[in-house]
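Listing of start_15.txt; format and content: compact mmCIF, C-alpha atoms.
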```txt
# COMPACT_ATOMS: atom_id res chain seq x y z
CA MET M 91 -29.86 -30.37 86.93
CA ALA M 92 -28.17 -33.77 87.02
CA LEU M 93 -28.22 -35.87 83.86
CA ILE M 94 -30.22 -38.58 85.65
CA ASP M 95 -33.03 -36.04 86.26
CA LEU M 96 -33.74 -36.10 82.52
CA ALA M 97 -34.96 -39.67 82.97
CA ASN M 98 -38.15 -38.08 84.30
CA PRO M 99 -40.35 -37.36 81.23
CA THR M 100 -41.97 -34.29 82.85
CA ARG M 101 -38.55 -32.74 83.54
CA PHE M 102 -37.51 -33.63 79.99
CA LEU M 103 -40.60 -31.85 78.61
CA ASN M 104 -39.76 -28.75 80.69
CA LEU M 105 -36.19 -28.81 79.38
CA THR M 106 -37.28 -29.12 75.73
CA ALA M 107 -39.72 -26.21 76.17
CA ARG M 108 -36.80 -24.01 77.28
CA VAL M 109 -34.19 -25.30 74.80
CA LEU M 110 -36.15 -25.74 71.55
CA PRO M 111 -36.57 -22.01 70.69
CA TRP M 112 -32.81 -21.46 71.04
CA LEU M 113 -31.97 -24.56 69.04
CA THR M 114 -34.40 -23.53 66.30
CA ALA M 115 -32.79 -20.10 66.06
CA ALA M 116 -29.27 -21.59 66.03
CA THR M 117 -30.29 -24.03 63.28
CA ALA M 118 -31.77 -21.26 61.13
CA LEU M 119 -28.66 -19.09 61.61
CA ALA M 120 -26.31 -21.98 60.77
CA PHE M 121 -28.27 -22.78 57.58
CA ALA M 122 -28.36 -19.10 56.56
CA PHE M 123 -24.58 -18.79 57.03
CA GLY M 124 -23.90 -22.15 55.38
CA ILE M 125 -26.05 -21.41 52.31
CA TYR M 126 -24.38 -17.99 52.00
CA LEU M 127 -20.93 -19.63 52.05
CA VAL M 128 -21.98 -22.33 49.55
CA TRP M 129 -23.64 -20.01 47.02
CA ALA M 130 -21.66 -16.77 47.44
CA VAL M 131 -18.18 -17.66 48.69
CA ALA M 132 -17.13 -21.26 47.93
CA PRO M 133 -15.27 -21.62 44.63
CA ASP M 134 -16.06 -24.25 42.01
CA ASP M 135 -13.93 -27.36 42.16
CA TYR M 136 -11.10 -27.48 39.60
CA GLN M 137 -12.29 -30.89 38.34
CA MET M 138 -16.02 -31.02 39.12
CA GLY M 139 -16.88 -27.38 38.51
CA ALA M 140 -20.13 -26.16 40.11
CA VAL M 141 -21.31 -29.76 40.67
CA VAL M 142 -19.23 -29.64 43.88
CA LYS M 143 -22.18 -27.73 45.40
CA ILE M 144 -24.07 -31.04 45.68
CA MET M 145 -21.37 -32.19 48.11
CA PHE M 146 -22.46 -29.59 50.70
CA VAL M 147 -25.84 -31.33 50.97
CA HIS M 148 -24.78 -34.91 50.24
CA VAL M 149 -21.93 -35.31 52.71
CA PRO M 150 -23.69 -33.92 55.86
CA ASN M 151 -26.68 -36.15 55.15
CA ALA M 152 -24.45 -39.18 54.60
CA TRP M 153 -22.70 -38.49 57.94
CA LEU M 154 -26.02 -38.07 59.73
CA ALA M 155 -27.46 -41.20 58.11
CA MET M 156 -24.81 -43.17 60.03
CA GLY M 157 -24.74 -40.84 63.06
CA VAL M 158 -28.46 -41.17 63.73
CA TRP M 159 -28.22 -44.95 63.63
CA ALA M 160 -25.34 -44.68 66.14
CA VAL M 161 -27.60 -42.56 68.38
CA MET M 162 -30.33 -45.21 68.04
CA SER M 163 -27.79 -47.93 68.91
CA LEU M 164 -26.78 -46.11 72.12
CA SER M 165 -30.47 -45.71 72.94
CA ALA M 166 -30.98 -49.43 72.26
CA ILE M 167 -28.30 -50.21 74.87
CA GLY M 168 -30.15 -47.87 77.25
CA THR M 169 -33.36 -49.78 76.59
CA LEU M 170 -31.94 -53.29 76.94
CA VAL M 171 -29.39 -52.76 79.74
CA TRP M 172 -30.67 -49.91 81.93
CA ARG M 173 -34.34 -49.84 80.83
CA HIS M 174 -34.04 -46.06 80.77
CA PRO M 175 -37.55 -44.58 80.39
CA LEU M 176 -36.49 -42.21 77.63
CA ALA M 177 -34.20 -44.59 75.74
CA ASP M 178 -36.79 -46.18 73.45
CA VAL M 179 -38.52 -42.81 73.12
CA ALA M 180 -35.21 -41.45 71.79
CA ALA M 181 -34.72 -44.40 69.41
CA LYS M 182 -38.27 -44.34 68.04
CA SER M 183 -38.18 -40.57 67.50
CA ALA M 184 -34.81 -40.65 65.74
CA ALA M 185 -35.73 -43.36 63.19
CA PRO M 186 -37.90 -41.30 60.77
CA ILE M 187 -35.39 -38.43 60.88
CA GLY M 188 -32.50 -40.80 60.16
CA ALA M 189 -34.48 -42.37 57.31
CA ALA M 190 -35.03 -38.90 55.80
CA PHE M 191 -31.29 -38.08 56.00
CA THR M 192 -30.40 -41.44 54.44
CA PHE M 193 -32.95 -40.86 51.65
CA LEU M 194 -31.35 -37.46 51.00
CA ALA M 195 -27.85 -38.99 50.96
CA LEU M 196 -28.98 -41.56 48.38
CA VAL M 197 -30.86 -39.08 46.17
CA THR M 198 -28.20 -36.36 46.20
CA GLY M 199 -25.54 -39.02 45.69
CA ALA M 200 -27.37 -40.25 42.59
CA LEU M 201 -27.74 -36.67 41.31
CA TRP M 202 -24.02 -36.12 41.92
CA GLY M 203 -23.11 -39.45 40.33
CA ARG M 204 -24.88 -38.91 37.01
CA PRO M 205 -22.73 -35.96 35.82
CA MET M 206 -19.52 -37.26 37.47
CA TRP M 207 -19.69 -41.04 36.88
CA GLY M 208 -22.13 -41.14 34.01
CA THR M 209 -24.69 -43.13 36.01
CA TYR M 210 -27.17 -42.53 38.82
CA TRP M 211 -26.49 -45.86 40.50
CA VAL M 212 -24.03 -48.73 40.67
CA TRP M 213 -24.22 -51.74 42.95
CA ASP M 214 -20.87 -51.00 44.57
CA ALA M 215 -20.19 -51.62 48.27
CA ARG M 216 -20.69 -48.04 49.52
CA LEU M 217 -23.94 -47.33 47.69
CA THR M 218 -25.40 -50.76 48.42
CA SER M 219 -24.53 -50.66 52.14
CA VAL M 220 -26.18 -47.21 52.46
CA LEU M 221 -29.26 -48.56 50.66
CA VAL M 222 -29.29 -51.43 53.20
CA LEU M 223 -29.12 -48.79 55.98
CA PHE M 224 -32.16 -47.02 54.49
CA LEU M 225 -34.09 -50.32 54.34
CA MET M 226 -33.13 -51.01 57.97
CA TYR M 227 -34.53 -47.61 59.00
CA LEU M 228 -37.80 -48.53 57.25
CA GLY M 229 -37.75 -51.92 58.99
CA VAL M 230 -37.36 -50.37 62.45
CA ILE M 231 -40.14 -47.85 61.74
CA ALA M 232 -42.40 -50.70 60.55
CA LEU M 233 -41.58 -52.74 63.67
CA TRP M 234 -42.55 -49.81 65.93
CA ARG M 235 -45.86 -49.51 64.07
CA THR M 236 -46.56 -53.25 64.16
CA VAL M 237 -46.26 -53.85 67.92
CA ASP M 238 -48.90 -51.98 69.94
CA ASP M 239 -47.24 -52.10 73.37
CA PRO M 240 -44.43 -49.47 73.39
CA SER M 241 -42.20 -51.35 75.85
CA ARG M 242 -42.37 -54.62 73.85
CA ALA M 243 -41.85 -52.73 70.61
CA GLY M 244 -38.93 -50.88 72.20
CA ARG M 245 -37.09 -54.09 73.14
CA ALA M 246 -37.66 -55.70 69.72
CA ALA M 247 -36.57 -52.53 67.91
CA ALA M 248 -33.51 -52.24 70.19
CA ILE M 249 -32.33 -55.74 69.20
CA LEU M 250 -32.89 -55.01 65.51
CA THR M 251 -31.06 -51.68 65.86
CA LEU M 252 -28.01 -53.29 67.49
CA VAL M 253 -27.90 -55.99 64.80
CA GLY M 254 -28.11 -53.24 62.18
CA ALA M 255 -25.21 -51.36 63.79
CA ILE M 256 -22.91 -53.97 62.21
CA ASN M 257 -23.58 -52.14 58.94
CA LEU M 258 -22.00 -48.86 60.18
CA PRO M 259 -18.32 -49.93 59.96
CA ILE M 260 -19.14 -51.70 56.67
CA ILE M 261 -20.42 -48.38 55.23
CA LYS M 262 -17.47 -46.41 56.62
CA PHE M 263 -14.73 -48.77 55.43
CA SER M 264 -16.44 -50.13 52.30
CA VAL M 265 -14.41 -47.73 50.15
CA ASP M 266 -11.19 -49.12 51.65
CA TRP M 267 -12.10 -52.82 51.75
CA TRP M 268 -13.49 -53.11 48.22
CA ASN M 269 -12.95 -51.51 44.82
CA THR M 270 -15.76 -48.98 44.60
CA LEU M 271 -16.78 -46.28 42.18
CA HIS M 272 -17.38 -44.09 45.24
CA GLN M 273 -14.29 -42.11 46.26
CA PRO M 274 -12.44 -42.84 49.53
CA ALA M 275 -12.92 -40.63 52.62
CA SER M 276 -11.77 -37.02 52.06
CA VAL M 277 -12.55 -35.43 55.44
CA LEU M 278 -12.71 -38.03 58.24
CA ARG M 279 -9.45 -39.84 57.50
CA LEU M 280 -6.00 -40.42 58.92
CA GLY M 281 -3.71 -37.58 57.92
CA GLY M 282 -6.45 -34.96 58.00
CA PRO M 283 -8.85 -33.64 55.38
CA ALA M 284 -7.82 -33.76 51.71
CA ILE M 285 -10.08 -30.83 50.79
CA HIS M 286 -8.99 -27.20 50.39
CA PRO M 287 -10.16 -24.95 53.27
CA ALA M 288 -12.16 -22.80 50.81
CA ILE M 289 -14.45 -25.80 50.26
CA LEU M 290 -13.95 -27.54 53.61
CA THR M 291 -15.21 -24.55 55.65
CA PRO M 292 -18.66 -24.30 53.95
CA LEU M 293 -18.92 -28.09 54.18
CA MET M 294 -18.34 -28.04 57.95
CA VAL M 295 -20.80 -25.16 58.43
CA MET M 296 -23.46 -27.07 56.48
CA ALA M 297 -22.65 -30.20 58.51
CA LEU M 298 -23.13 -28.18 61.72
CA ALA M 299 -26.45 -26.82 60.38
CA PHE M 300 -27.75 -30.32 59.58
CA LEU M 301 -26.51 -31.58 62.98
CA LEU M 302 -28.40 -28.77 64.75
CA LEU M 303 -31.44 -29.59 62.61
CA PHE M 304 -31.26 -33.20 63.78
CA VAL M 305 -30.91 -32.24 67.46
CA THR M 306 -33.85 -29.82 67.19
CA LEU M 307 -36.12 -32.24 65.35
CA HIS M 308 -35.12 -35.12 67.59
CA LEU M 309 -35.95 -33.26 70.81
CA ALA M 310 -39.27 -32.09 69.31
CA ALA M 311 -40.12 -35.62 68.13
CA MET M 312 -39.22 -37.03 71.58
CA ARG M 313 -41.55 -34.48 73.17
CA ASN M 314 -44.32 -35.64 70.78
CA GLU M 315 -43.68 -39.29 71.61
CA ILE M 316 -43.93 -38.61 75.37
CA LEU M 317 -47.27 -36.84 74.78
CA ARG M 318 -48.43 -39.78 72.60
CA ARG M 319 -47.69 -42.20 75.46
CA ARG M 320 -49.61 -39.98 77.88
CA VAL M 321 -52.58 -40.05 75.49
CA ARG M 322 -52.30 -43.86 75.31
CA THR M 323 -52.20 -44.12 79.12
CA LEU M 324 -55.29 -41.93 79.44
CA TRP M 325 -57.14 -43.98 76.81
CA LEU M 326 -56.30 -47.16 78.76
CA MET M 327 -57.47 -45.52 82.03
CA GLN M 328 -60.68 -44.45 80.32
CA ALA M 329 -61.25 -47.97 78.94
CA GLN M 330 -60.63 -49.56 82.37
CA GLY M 331 -63.02 -47.08 84.01
CA ALA M 332 -65.80 -47.64 81.46
CA MET C 268 -26.79 -15.02 39.32
CA VAL C 269 -24.51 -17.95 40.13
CA ALA C 270 -23.24 -19.75 37.03
CA LEU C 271 -23.90 -23.46 37.50
CA GLY C 272 -22.60 -24.75 34.19
CA PRO C 273 -23.97 -27.61 32.10
CA HIS C 274 -25.10 -29.67 35.10
CA ALA C 275 -27.28 -26.98 36.71
CA ALA C 276 -30.37 -29.21 36.72
CA PHE C 277 -28.62 -31.79 38.95
CA ILE C 278 -27.42 -29.12 41.40
CA VAL C 279 -30.76 -27.32 41.63
CA THR C 280 -32.69 -30.60 41.97
CA SER C 281 -30.43 -31.67 44.86
CA TYR C 282 -31.17 -28.48 46.81
CA VAL C 283 -34.89 -28.53 45.99
CA VAL C 284 -35.25 -32.16 47.14
CA ALA C 285 -33.25 -31.40 50.32
CA ALA C 286 -35.43 -28.36 51.06
CA LEU C 287 -38.64 -30.33 50.49
CA VAL C 288 -37.50 -33.15 52.81
CA VAL C 289 -36.45 -30.68 55.55
CA ILE C 290 -39.76 -28.79 55.24
CA GLY C 291 -41.60 -32.13 55.36
CA LEU C 292 -39.77 -33.15 58.55
CA VAL C 293 -40.53 -29.83 60.25
CA ALA C 294 -44.20 -30.00 59.17
CA TRP C 295 -44.49 -33.60 60.44
CA VAL C 296 -43.08 -32.68 63.87
CA LEU C 297 -45.31 -29.60 64.21
CA ALA C 298 -48.48 -31.41 63.02
CA ASP C 299 -47.80 -34.34 65.35
CA TYR C 300 -47.30 -31.96 68.30
CA ARG C 301 -50.61 -30.21 67.62
CA ALA C 302 -52.41 -33.55 67.20
CA GLN C 303 -51.11 -34.92 70.53
CA GLN C 304 -51.90 -31.65 72.34
CA LYS C 305 -55.47 -31.78 70.98
CA LEU C 306 -55.95 -35.42 71.99
CA LEU C 307 -54.69 -34.67 75.52
CA ALA C 308 -56.92 -31.61 75.82
CA ASP C 309 -59.97 -33.59 74.62
CA LEU C 310 -59.33 -36.37 77.14
CA GLU C 311 -58.80 -33.94 80.01
CA ALA C 312 -61.95 -32.04 79.03
CA ARG C 313 -63.82 -35.34 79.46
CA GLY C 314 -62.38 -35.67 82.98
CA VAL C 315 -59.73 -38.28 82.13
CA THR C 316 -56.55 -37.10 83.84
CA ARG C 317 -53.35 -38.67 85.10
CA ARG C 318 -53.51 -39.72 88.75
CA SER C 319 -50.42 -37.67 89.65
CA LYS C 320 -51.96 -34.60 88.03
CA ALA C 321 -55.39 -35.15 89.60
CA GLU C 322 -53.88 -35.46 93.10
CA SER C 323 -51.75 -32.35 92.81
```

For this file, write the structure as structure tokens.
Amino acid sequence: MALIDLANPTRFLNLTARVLPWLTAATALAFAFGIYLVWAVAPDDYQMGAVVKIMFVHVPNAWLAMGVWAVMSLSAIGTLVWRHPLADVAAKSAAPIGAAFTFLALVTGALWGRPMWGTYWVWDARLTSVLVLFLMYLGVIALWRTVDDPSRAGRAAAILTLVGAINLPIIKFSVDWWNTLHQPASVLRLGGPAIHPAILTPLMVMALAFLLLFVTLHLAAMRNEILRRRVRTLWLMQAQGA
Amino acid sequence: MVALGPHAAFIVTSYVVAALVVIGLVAWVLADYRAQQKLLADLEARGVTRRSKAES
């Protein structure tokens, strides 16, 4: 099957029906292995102690908070430039999932910050820019709900998404550009990871598990959105026929 | 039993909140799928079908 064939919603639905069971199983296996590594194998950090376990949830969610917005930005280009039939379906379906990951990054970050920094929250550049990202997710979701016509909503949301993408490099480099309480990058940095493999390996397995969770949920949510548009079309046909 | 030290409440709360959010996301996707399937079935039961499907 060529990639362009997936532009057809019916073919996309057939593909998701075949792929989703395998993705669900892979996600469950990755989480089972990751949680085993985190709770049975990974050592405590020499400075943080057992609190390092929060990192295995916080960091994957923080990565995905930005990654999902990047996916939405690519979809926005697909909507505005190529008017791809699945592009705004992909963007709309990703937004609530990205908002949930960002919420988790903020909450687990606060729970990690209290024992390590002595406070749940500071208005430093990293924390504030991630809070702005969360508010932008809510804004895009609200925009989708406000405009009734999906194609008009898709174009407006695409523009807002691309404007919001400016925040991604600000989040990534905020710890380098400004003095922040948040530590600099420890994994995705020039010179390689600064974390011992005994802790890095469980972190990467948990990151893979959350990534698989996103792919699974995103495909399922896209399937739901295609069905919702079919229902809308049928309602319109019924109204025109009445 | 894993020893979590003096900050156990923060660690456990992080995992509980993460689990609740993941379960919520899965439940939302499943409930939405069932709702859309039901709406489609109801419409088709009333004879409202897509033209492409009706012609095939």

- Query: Hey, can you check how far atom CA of C:Val288 sits from atom CA of M:Thr192?
  - Reply: 11.0 Å

- Message: List the spatial neighbours of M:Arg245 as a list in words - criterion: any atom at most 9 Å away, only C-alpha atoms, same-chain residues fewer than 5 positions off excluded.
- Response: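 The residues satisfying every condition are Ala166, Thr169, Leu170, Asp178, Pro240 and Leu250 of chain M.
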
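With all atoms listed in the file as the basis for measurement, C:Leu271 is the residue among C:Ala298, C:Val289, C:Val279, C:Leu271 that approaches chain M most closely.
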
- Task: Determine the nearest neighbour of chain C from the options M:Val265, M:Ala284, M:Ala184, M:Leu271, counting all atoms listed in the file.
- Result: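 Using all atoms listed in the file, chain C sits closest to M:Ala184.
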
- Shell of 9 Å around M:Ser165, all atoms listed in the file, local chain residues under 6 positions omitted, as a count of residues only: 8

- Message: To one decimal place in Å, what is the distance between atom CA of C:Val269 and atom CA of M:Trp202?
- Response: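 Interatomic distance, atom CA of C:Val269 to atom CA of M:Trp202: 18.3 Å.
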
- Task: Work out how far apart atom CA of M:His272 and atom CA of M:Asp214 are and give it in Å to one decimal.
- Result: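 Taking atom CA of M:His272 and atom CA of M:Asp214, their separation equals 7.8 Å.
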